[in-house]
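See structure below.
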Amino acid sequence: MHSKAHYCFIFENGEQKGPFPPGKVQRMLRDGEITDAALVWREGLTDWQPIGSVLPRLATIRQKEYLKFLSHPTTRDMTFEEAQSQLDALVRDNPAKKLALDRWDVIAQKRDEVLGYFRRSETKCPVSDFDVIPVLEKIQESNPIRFHAAI
């Protein structure tokens with residue numbers, strides 16, 4: 001838990017927001033609610049600072065998904081750099097894991113496309129987010145060349 005003194009204000013696109021706890025600001029950056037161009041101020045700083053110089057960037061959802069796919073634990077506060085370093089170490093000198101991760105990446109991209117389509121069309125997806133993966137895996141198995149070419 002952070003004291004109120006650690007709470008951050010955000011300045012981006014001419015608009016000031018906040019205060020927010022540091023973890024919230026990190027999640028906002030990770031989730032694209034704010035960008036790397038955002039400036040941050042909190043008690044103890046003499047001026048607005050680039051967000052990256054004040055708070056470490058959290059691991060992306062995709063990075064955590066990759067680590068879980070490779071049976072590697074993640075933590076809520078894992079940074080982008082930590083996650084990338086662990087991913088690099090897991091696939092370095094391991095062609096089988098690299099190939100599995102590449103295959104998973106294609107399926108994850110397709111899943112995001114399918115779910116994005118339903119969100120944009122404001123239509124309920126006929127299968128759960130979780131069930132989309134096995135459906136895509138079956139499609140990939142039946143026609144791998146076309147499946148990969150459609151990216």
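Residue numbering restarts at 1 in every chain; chains get A, B, ... in the order shown in the structure tokens, and ligands count up from 1 in that same order.
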
Legend entry - Residues near segment 132-147 of chain A, cut-off 12 Å, only C-alpha atoms, skip fewer than 5 positions along chain, as a PyMOL selection string: chain A and resi 103-115+125-127

Mind writing the picked residues with C-alpha atoms as an mmCIF file, in the first residue's frame?
```cif
data_model
loop_
_atom_site.group_PDB
_atom_site.id
_atom_site.type_symbol
_atom_site.label_atom_id
_atom_site.label_comp_id
_atom_site.auth_asym_id
_atom_site.auth_seq_id
_atom_site.Cartn_x
_atom_site.Cartn_y
_atom_site.Cartn_z
ATOM 1 C CA ARG A 103 2.642 -21.209 -32.805
ATOM 2 C CA TRP A 104 0.942 -19.815 -29.710
ATOM 3 C CA ASP A 105 1.596 -16.260 -30.914
ATOM 4 C CA VAL A 106 -0.283 -16.923 -34.167
ATOM 5 C CA ILE A 107 -3.225 -18.425 -32.277
ATOM 6 C CA ALA A 108 -3.257 -15.565 -29.747
ATOM 7 C CA GLN A 109 -3.282 -12.996 -32.570
ATOM 8 C CA LYS A 110 -6.176 -14.805 -34.241
ATOM 9 C CA ARG A 111 -8.026 -14.976 -30.919
ATOM 10 C CA ASP A 112 -7.596 -11.231 -30.467
ATOM 11 C CA GLU A 113 -8.859 -10.628 -34.013
ATOM 12 C CA VAL A 114 -11.942 -12.805 -33.441
ATOM 13 C CA LEU A 115 -12.773 -11.221 -30.088
ATOM 14 C CA CYS A 125 -19.196 -13.997 -29.138
ATOM 15 C CA PRO A 126 -20.831 -17.470 -29.371
ATOM 16 C CA VAL A 127 -17.953 -19.025 -27.382
#
```

Inset, instruction - Mind the document's chain letters and residue numbers, and return as a ChimeraX atom specification the residues of chain A that DSSP labels strand (DSSP E). - result: /A:8-12,15-20,39-41,49-50

Listing only residues of segment 38-127 of chain A within 12 Å of segment 7-29 of chain A, what is the closest atom pair and its distance in Å (to one decimal) for each, using only C-alpha atoms, sorted by chain and residue number ascending, as JSON lines?
```
{"residue": "A:Ala38", "atom": "CA", "partner": "A:Glu12", "partner_atom": "CA", "distance": 4.8}
{"residue": "A:Leu39", "atom": "CA", "partner": "A:Phe11", "partner_atom": "CA", "distance": 5.1}
{"residue": "A:Val40", "atom": "CA", "partner": "A:Ile10", "partner_atom": "CA", "distance": 4.7}
{"residue": "A:Trp41", "atom": "CA", "partner": "A:Phe9", "partner_atom": "CA", "distance": 5.2}
{"residue": "A:Arg42", "atom": "CA", "partner": "A:Cys8", "partner_atom": "CA", "distance": 4.7}
{"residue": "A:Glu43", "atom": "CA", "partner": "A:Tyr7", "partner_atom": "CA", "distance": 7.7}
{"residue": "A:Gly44", "atom": "CA", "partner": "A:Cys8", "partner_atom": "CA", "distance": 10.7}
{"residue": "A:Leu45", "atom": "CA", "partner": "A:Cys8", "partner_atom": "CA", "distance": 10.3}
{"residue": "A:Asp47", "atom": "CA", "partner": "A:Phe9", "partner_atom": "CA", "distance": 11.4}
{"residue": "A:Trp48", "atom": "CA", "partner": "A:Phe11", "partner_atom": "CA", "distance": 8.1}
{"residue": "A:Gln49", "atom": "CA", "partner": "A:Phe11", "partner_atom": "CA", "distance": 9.5}
{"residue": "A:Pro50", "atom": "CA", "partner": "A:Phe11", "partner_atom": "CA", "distance": 9.6}
{"residue": "A:Ile51", "atom": "CA", "partner": "A:Ile10", "partner_atom": "CA", "distance": 8.4}
{"residue": "A:Gly52", "atom": "CA", "partner": "A:Gln26", "partner_atom": "CA", "distance": 9.7}
{"residue": "A:Val54", "atom": "CA", "partner": "A:Pro22", "partner_atom": "CA", "distance": 9.4}
{"residue": "A:Leu55", "atom": "CA", "partner": "A:Gln26", "partner_atom": "CA", "distance": 7.1}
{"residue": "A:Pro56", "atom": "CA", "partner": "A:Gln26", "partner_atom": "CA", "distance": 7.4}
{"residue": "A:Arg57", "atom": "CA", "partner": "A:Gln26", "partner_atom": "CA", "distance": 6.1}
{"residue": "A:Leu58", "atom": "CA", "partner": "A:Gln26", "partner_atom": "CA", "distance": 6.1}
{"residue": "A:Ala59", "atom": "CA", "partner": "A:Arg27", "partner_atom": "CA", "distance": 9.3}
{"residue": "A:Thr60", "atom": "CA", "partner": "A:Arg27", "partner_atom": "CA", "distance": 9.2}
{"residue": "A:Ile61", "atom": "CA", "partner": "A:Arg27", "partner_atom": "CA", "distance": 10.2}
{"residue": "A:Arg76", "atom": "CA", "partner": "A:Gly23", "partner_atom": "CA", "distance": 9.8}
{"residue": "A:Asp77", "atom": "CA", "partner": "A:Gly23", "partner_atom": "CA", "distance": 8.2}
{"residue": "A:Met78", "atom": "CA", "partner": "A:Gln26", "partner_atom": "CA", "distance": 10.8}
{"residue": "A:Thr79", "atom": "CA", "partner": "A:Gln26", "partner_atom": "CA", "distance": 9.6}
{"residue": "A:Phe80", "atom": "CA", "partner": "A:Gln26", "partner_atom": "CA", "distance": 10.6}
```

Selection export as a PDB file, in the first residue's frame, atoms kept: C-alpha atoms:
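Contents of the output file result_37.pdb:
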```
ATOM      1  CA  ALA A  38       2.697  10.945 -20.478  1.00  0.00           C
ATOM      2  CA  LEU A  39       4.357  13.039 -17.799  1.00  0.00           C
ATOM      3  CA  VAL A  40       4.045  12.207 -14.108  1.00  0.00           C
ATOM      4  CA  TRP A  41       4.364  14.262 -10.973  1.00  0.00           C
ATOM      5  CA  ARG A  42       4.203  13.199  -7.348  1.00  0.00           C
ATOM      6  CA  GLU A  43       5.313  14.645  -4.064  1.00  0.00           C
ATOM      7  CA  GLY A  44       9.086  14.895  -3.933  1.00  0.00           C
ATOM      8  CA  LEU A  45       9.537  15.665  -7.635  1.00  0.00           C
ATOM      9  CA  ASP A  47       8.842  19.055 -11.995  1.00  0.00           C
ATOM     10  CA  TRP A  48       6.830  16.811 -14.312  1.00  0.00           C
ATOM     11  CA  GLN A  49       8.878  13.787 -15.400  1.00  0.00           C
ATOM     12  CA  PRO A  50       8.508  11.245 -18.224  1.00  0.00           C
ATOM     13  CA  ILE A  51       6.535   8.296 -16.889  1.00  0.00           C
ATOM     14  CA  GLY A  52       9.348   5.843 -17.655  1.00  0.00           C
ATOM     15  CA  VAL A  54       9.387   7.625 -12.445  1.00  0.00           C
ATOM     16  CA  LEU A  55       7.673   4.216 -12.644  1.00  0.00           C
ATOM     17  CA  PRO A  56       8.801   0.933 -14.164  1.00  0.00           C
ATOM     18  CA  ARG A  57       6.606  -0.346 -16.999  1.00  0.00           C
ATOM     19  CA  LEU A  58       4.568  -3.440 -16.111  1.00  0.00           C
ATOM     20  CA  ALA A  59       4.754  -6.611 -18.168  1.00  0.00           C
ATOM     21  CA  THR A  60       2.188  -6.728 -20.929  1.00  0.00           C
ATOM     22  CA  ILE A  61      -0.720  -9.113 -20.786  1.00  0.00           C
ATOM     23  CA  ARG A  76       1.317  -9.048 -10.609  1.00  0.00           C
ATOM     24  CA  ASP A  77       4.101  -6.469 -10.370  1.00  0.00           C
ATOM     25  CA  MET A  78       6.430  -8.084 -12.935  1.00  0.00           C
ATOM     26  CA  THR A  79       8.042  -5.411 -15.083  1.00  0.00           C
ATOM     27  CA  PHE A  80       8.193  -5.371 -18.869  1.00  0.00           C
TER      28      PHE A  80
END
```

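With only C-alpha atoms as the basis for measurement, A:Leu67 is the residue among A:Ser53, A:Ile34, A:Leu67, A:Arg62 that approaches Lys98 of chain A most closely.
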
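Checking A:Val91, A:Ala96, A:Leu101, A:Lys124 one by one against Glu65 of chain A, counting only C-alpha atoms, you find the shortest gap at A:Leu101.
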
Inset, instruction - Within 9 Å of Gln63 of chain A, counting only C-alpha atoms, which residues show up once you throw out same-chain ones fewer than 5 positions away? Write them as a ChimeraX atom specification, please. - result: /A:68,80,83-84,87

Legend entry - Pairwise distance for atom CA of Thr74 of chain A and atom CA of Leu90 of chain A, rounded to one decimal in Å: 13.4 Å

Legend entry - Two-atom distance - atom CA of Thr75 of chain A, atom CA of Asn94 of chain A (Å): 23.6 Å
